[in-house]
Amino acid sequence: MTDLLSSILSVVRSAGELIRDIEPVTELTHKEGPANFVTKYDSMVQSYLIQNLSLLLPDASFLGEEDGLSEEKVGDGYTFILDPIDGTTNFICSFMLSGISVGLTYKHEMLIGVVFNPFRNEMFYSQKNMGSYLNGRRLMMKEGLLNTGVVNFGTAPYNPELRDFAFDAAKIISYHTMDLREIGSAALGLCYTACGRCAAYASPRLCVWDYAAASLIIQEANGILTSFDGTALSYRSGISVIASNPQGHAEFLNLIEPLL
């Protein structure tokens, strides 16, 4: 593990301590889209991350979900891509399935990806060409079709215009897997795929901070991550995402092709 990765892990773990013991959240505001909630803790964690990650890389820029950073772009130098609480609705409802997601790019390539669930003390992390890990255990996805496990299928709750497509696609996939799940956090859903808890993760629409950090964790665990039509993601927002092992990924694309 490099010193930079170790330092980022320390910052993320400390950020997790800010929300680990929070009582049920009652003060909410809404963002664009139905059921798109934000709490004061989202902003608090993002501010903490920016303050402390800036000490590690003073010249880095930031792209994040909250407080006006969503319109920023991935730059040519170092760029941190932040989701301070991925799974805010879970956080509000005390589901204990929320993740702090930090990705670091350099020259438009993902260099480091970290996703931490402080409620289960699970730290997923990866560095380019150095593998993916969960709490120090090396992750390596196995080959297999979708019927070797469950598929975590996100329903794009903030985009009701996609609801019919999402459920049509989920129905098709449901006949080719053990069962469907939606754990309410894209970052954790992707990491659960990397560590073998899910055969695949899919969502008809995500923002870049939802998947950026976890994308490297998928790739370094021998997985594939693309849009539903098989194109590369290129750290864009408002796109579909499918991640699985190579065999499961190909099966998923083939199954939903008639809907595209």
# chains A, B, ... in the order shown; residues from 1 in each chain; ligands from 1
call {"tool": "residues_around", "arguments": {"residues": "stretch 222-235 of chain A", "least_positions_apart": "2", "cutoff": "10 Å", "atoms": "only C-alpha atoms", "output": "PyMOL selection string"}}
result
chain A and resi 73-74+81+105+108-110+131-132+139-143+190+193-194+200-205+207-209+211-212+214-220+237+239-250+252-254+256-257+260
call {"tool": "residues_around", "arguments": {"residues": "stretch 169-171 of chain A", "least_positions_apart": "5", "cutoff": "8 Å", "atoms": "only C-alpha atoms", "output": "PyMOL selection string"}}
result
chain A and resi 153+180+256+259
call {"tool": "closest_residue", "arguments": {"among": "A:Asn135, A:Thr79, A:Ser94, A:Asn121", "to": "A:Asp59", "atoms": "only C-alpha atoms"}}
result
A:Thr79
call {"tool": "closest_residue", "arguments": {"among": "A:Thr88, A:Ser101, A:Ser6, A:Thr148", "to": "A:Gly184", "atoms": "only C-alpha atoms"}}
result
A:Thr88
call {"tool": "select_by_dssp", "arguments": {"residues": "stretch 30-237 of chain A", "states": "alpha helix (DSSP H)", "output": "PDB file with C-alpha atoms, in the first residue's frame"}}
result
ATOM      1  CA  LYS A  40     -26.644  18.502   6.956  1.00  0.00           C
ATOM      2  CA  TYR A  41     -24.375  15.500   7.419  1.00  0.00           C
ATOM      3  CA  ASP A  42     -23.832  15.132   3.658  1.00  0.00           C
ATOM      4  CA  SER A  43     -22.385  18.644   3.573  1.00  0.00           C
ATOM      5  CA  MET A  44     -20.476  18.136   6.821  1.00  0.00           C
ATOM      6  CA  VAL A  45     -18.741  14.985   5.566  1.00  0.00           C
ATOM      7  CA  GLN A  46     -17.951  16.527   2.177  1.00  0.00           C
ATOM      8  CA  SER A  47     -16.426  19.608   3.833  1.00  0.00           C
ATOM      9  CA  TYR A  48     -14.339  17.383   6.097  1.00  0.00           C
ATOM     10  CA  LEU A  49     -13.101  15.356   3.139  1.00  0.00           C
ATOM     11  CA  ILE A  50     -12.156  18.427   1.125  1.00  0.00           C
ATOM     12  CA  GLN A  51     -10.350  20.039   4.046  1.00  0.00           C
ATOM     13  CA  ASN A  52      -8.273  16.962   4.847  1.00  0.00           C
ATOM     14  CA  LEU A  53      -7.694  15.601   1.345  1.00  0.00           C
ATOM     15  CA  SER A  54      -6.445  19.045   0.320  1.00  0.00           C
ATOM     16  CA  LEU A  55      -3.636  18.637   2.828  1.00  0.00           C
ATOM     17  CA  LEU A  56      -2.500  15.514   0.974  1.00  0.00           C
ATOM     18  CA  THR A  88     -28.618   9.101   1.945  1.00  0.00           C
ATOM     19  CA  THR A  89     -32.119   7.629   2.119  1.00  0.00           C
ATOM     20  CA  ASN A  90     -30.668   4.555   3.838  1.00  0.00           C
ATOM     21  CA  PHE A  91     -28.833   6.882   6.214  1.00  0.00           C
ATOM     22  CA  ILE A  92     -32.044   8.760   7.026  1.00  0.00           C
ATOM     23  CA  ARG A 163     -39.151   3.776 -14.001  1.00  0.00           C
ATOM     24  CA  ASP A 164     -40.915   1.702 -16.677  1.00  0.00           C
ATOM     25  CA  PHE A 165     -37.631   0.912 -18.426  1.00  0.00           C
ATOM     26  CA  ALA A 166     -35.944   0.057 -15.116  1.00  0.00           C
ATOM     27  CA  PHE A 167     -38.621  -2.399 -14.078  1.00  0.00           C
ATOM     28  CA  ASP A 168     -38.905  -3.915 -17.557  1.00  0.00           C
ATOM     29  CA  ALA A 169     -35.163  -4.530 -17.573  1.00  0.00           C
ATOM     30  CA  ALA A 170     -35.239  -5.836 -14.007  1.00  0.00           C
ATOM     31  CA  LYS A 171     -38.025  -8.258 -14.920  1.00  0.00           C
ATOM     32  CA  ILE A 172     -36.006  -9.673 -17.807  1.00  0.00           C
ATOM     33  CA  ILE A 173     -32.922 -10.082 -15.626  1.00  0.00           C
ATOM     34  CA  SER A 174     -34.948 -11.627 -12.786  1.00  0.00           C
ATOM     35  CA  ALA A 186     -24.640   2.367  -5.894  1.00  0.00           C
ATOM     36  CA  ALA A 187     -21.119   2.553  -4.485  1.00  0.00           C
ATOM     37  CA  LEU A 188     -21.738  -0.322  -2.081  1.00  0.00           C
ATOM     38  CA  GLY A 189     -23.686  -2.282  -4.698  1.00  0.00           C
ATOM     39  CA  LEU A 190     -20.679  -2.121  -6.995  1.00  0.00           C
ATOM     40  CA  CYS A 191     -18.337  -3.114  -4.176  1.00  0.00           C
ATOM     41  CA  TYR A 192     -20.636  -5.999  -3.239  1.00  0.00           C
ATOM     42  CA  THR A 193     -20.234  -7.192  -6.825  1.00  0.00           C
ATOM     43  CA  ALA A 194     -16.458  -6.885  -6.606  1.00  0.00           C
ATOM     44  CA  VAL A 208     -20.202  10.119 -11.678  1.00  0.00           C
ATOM     45  CA  TRP A 209     -19.754  10.357  -7.886  1.00  0.00           C
ATOM     46  CA  ASP A 210     -22.008   7.295  -7.481  1.00  0.00           C
ATOM     47  CA  TYR A 211     -19.659   4.955  -9.335  1.00  0.00           C
ATOM     48  CA  ALA A 212     -16.255   6.605  -9.832  1.00  0.00           C
ATOM     49  CA  ALA A 213     -14.390   5.204  -6.825  1.00  0.00           C
ATOM     50  CA  ALA A 214     -16.056   1.785  -7.060  1.00  0.00           C
ATOM     51  CA  SER A 215     -15.299   1.525 -10.781  1.00  0.00           C
ATOM     52  CA  LEU A 216     -11.617   0.975 -10.029  1.00  0.00           C
ATOM     53  CA  ILE A 217     -12.468  -1.542  -7.314  1.00  0.00           C
ATOM     54  CA  ILE A 218     -14.505  -3.478  -9.916  1.00  0.00           C
ATOM     55  CA  GLN A 219     -11.796  -3.312 -12.569  1.00  0.00           C
ATOM     56  CA  GLU A 220      -8.931  -4.259 -10.266  1.00  0.00           C
TER      57      GLU A 220
END
call {"tool": "select_by_dssp", "arguments": {"residues": "stretch 19-241 of chain A", "states": "strand (DSSP E or B)", "output": "MDAnalysis selection string"}}
result
chainID A and resid 29:30 37:38 61:64 78:86 99:106 109:117 122:127 132:134 137:139 151:153 180:181 200:206 224:226 239:241
call {"tool": "closest_residue", "arguments": {"among": "A:Cys198, A:Leu63, A:Ala15, A:Leu4", "to": "A:Gly144", "atoms": "only C-alpha atoms"}}
result
A:Cys198
call {"tool": "closest_residue", "arguments": {"among": "A:Leu82, A:Ala221, A:Leu9, A:Met1", "to": "A:Cys195", "atoms": "only C-alpha atoms"}}
result
A:Ala221
call {"tool": "residues_around", "arguments": {"residues": "A:Ile8", "least_positions_apart": "5", "cutoff": "10 Å", "atoms": "only C-alpha atoms", "output": "list in words"}}
result
Asp3, Arg13, Ser14, Leu49, Asn52, Leu53, Leu56, Val102, Gly103, Leu104, Ile112, Gly113, Val114 and Tyr125 of chain A
call {"tool": "write_last_selection", "arguments": {"atoms": "N, CA and C atoms", "output": "compact mmCIF listing (two decimals), in the first residue's frame"}}
result
# COMPACT_ATOMS: atom_id res chain seq x y z
N ASP A 3 1.91 5.30 0.45
CA ASP A 3 1.64 6.28 1.50
C ASP A 3 0.40 7.11 1.18
N ARG A 13 -11.76 7.05 6.85
CA ARG A 13 -12.18 6.38 8.09
C ARG A 13 -12.59 7.42 9.15
N SER A 14 -11.82 8.48 9.25
CA SER A 14 -12.16 9.54 10.20
C SER A 14 -13.48 10.22 9.82
N LEU A 49 -13.94 16.02 4.13
CA LEU A 49 -13.10 15.36 3.14
C LEU A 49 -12.26 16.36 2.36
N ASN A 52 -9.38 17.86 4.50
CA ASN A 52 -8.27 16.96 4.85
C ASN A 52 -7.59 16.35 3.64
N LEU A 53 -8.33 16.10 2.56
CA LEU A 53 -7.69 15.60 1.35
C LEU A 53 -6.85 16.68 0.68
N LEU A 56 -3.30 16.56 1.61
CA LEU A 56 -2.50 15.51 0.97
C LEU A 56 -2.05 15.92 -0.42
N VAL A 102 -14.72 7.96 -2.23
CA VAL A 102 -13.67 8.90 -2.65
C VAL A 102 -12.88 8.26 -3.78
N GLY A 103 -12.92 8.89 -4.93
CA GLY A 103 -12.10 8.46 -6.06
C GLY A 103 -11.08 9.54 -6.39
N LEU A 104 -9.92 9.13 -6.83
CA LEU A 104 -8.88 10.08 -7.23
C LEU A 104 -8.44 9.77 -8.65
N ILE A 112 -7.03 5.93 -7.58
CA ILE A 112 -7.37 5.34 -6.29
C ILE A 112 -8.89 5.38 -6.11
N GLY A 113 -9.44 4.30 -5.58
CA GLY A 113 -10.86 4.26 -5.26
C GLY A 113 -11.07 3.72 -3.85
N VAL A 114 -11.86 4.44 -3.05
CA VAL A 114 -12.13 4.04 -1.66
C VAL A 114 -13.62 4.18 -1.39
N TYR A 125 -11.16 -0.79 -1.08
CA TYR A 125 -10.22 0.16 -1.67
C TYR A 125 -9.41 -0.50 -2.77
call {"tool": "atom_distance", "arguments": {"atom1": "atom CA of A:Val151", "atom2": "atom CA of A:Met178"}}
result
7.8 Å
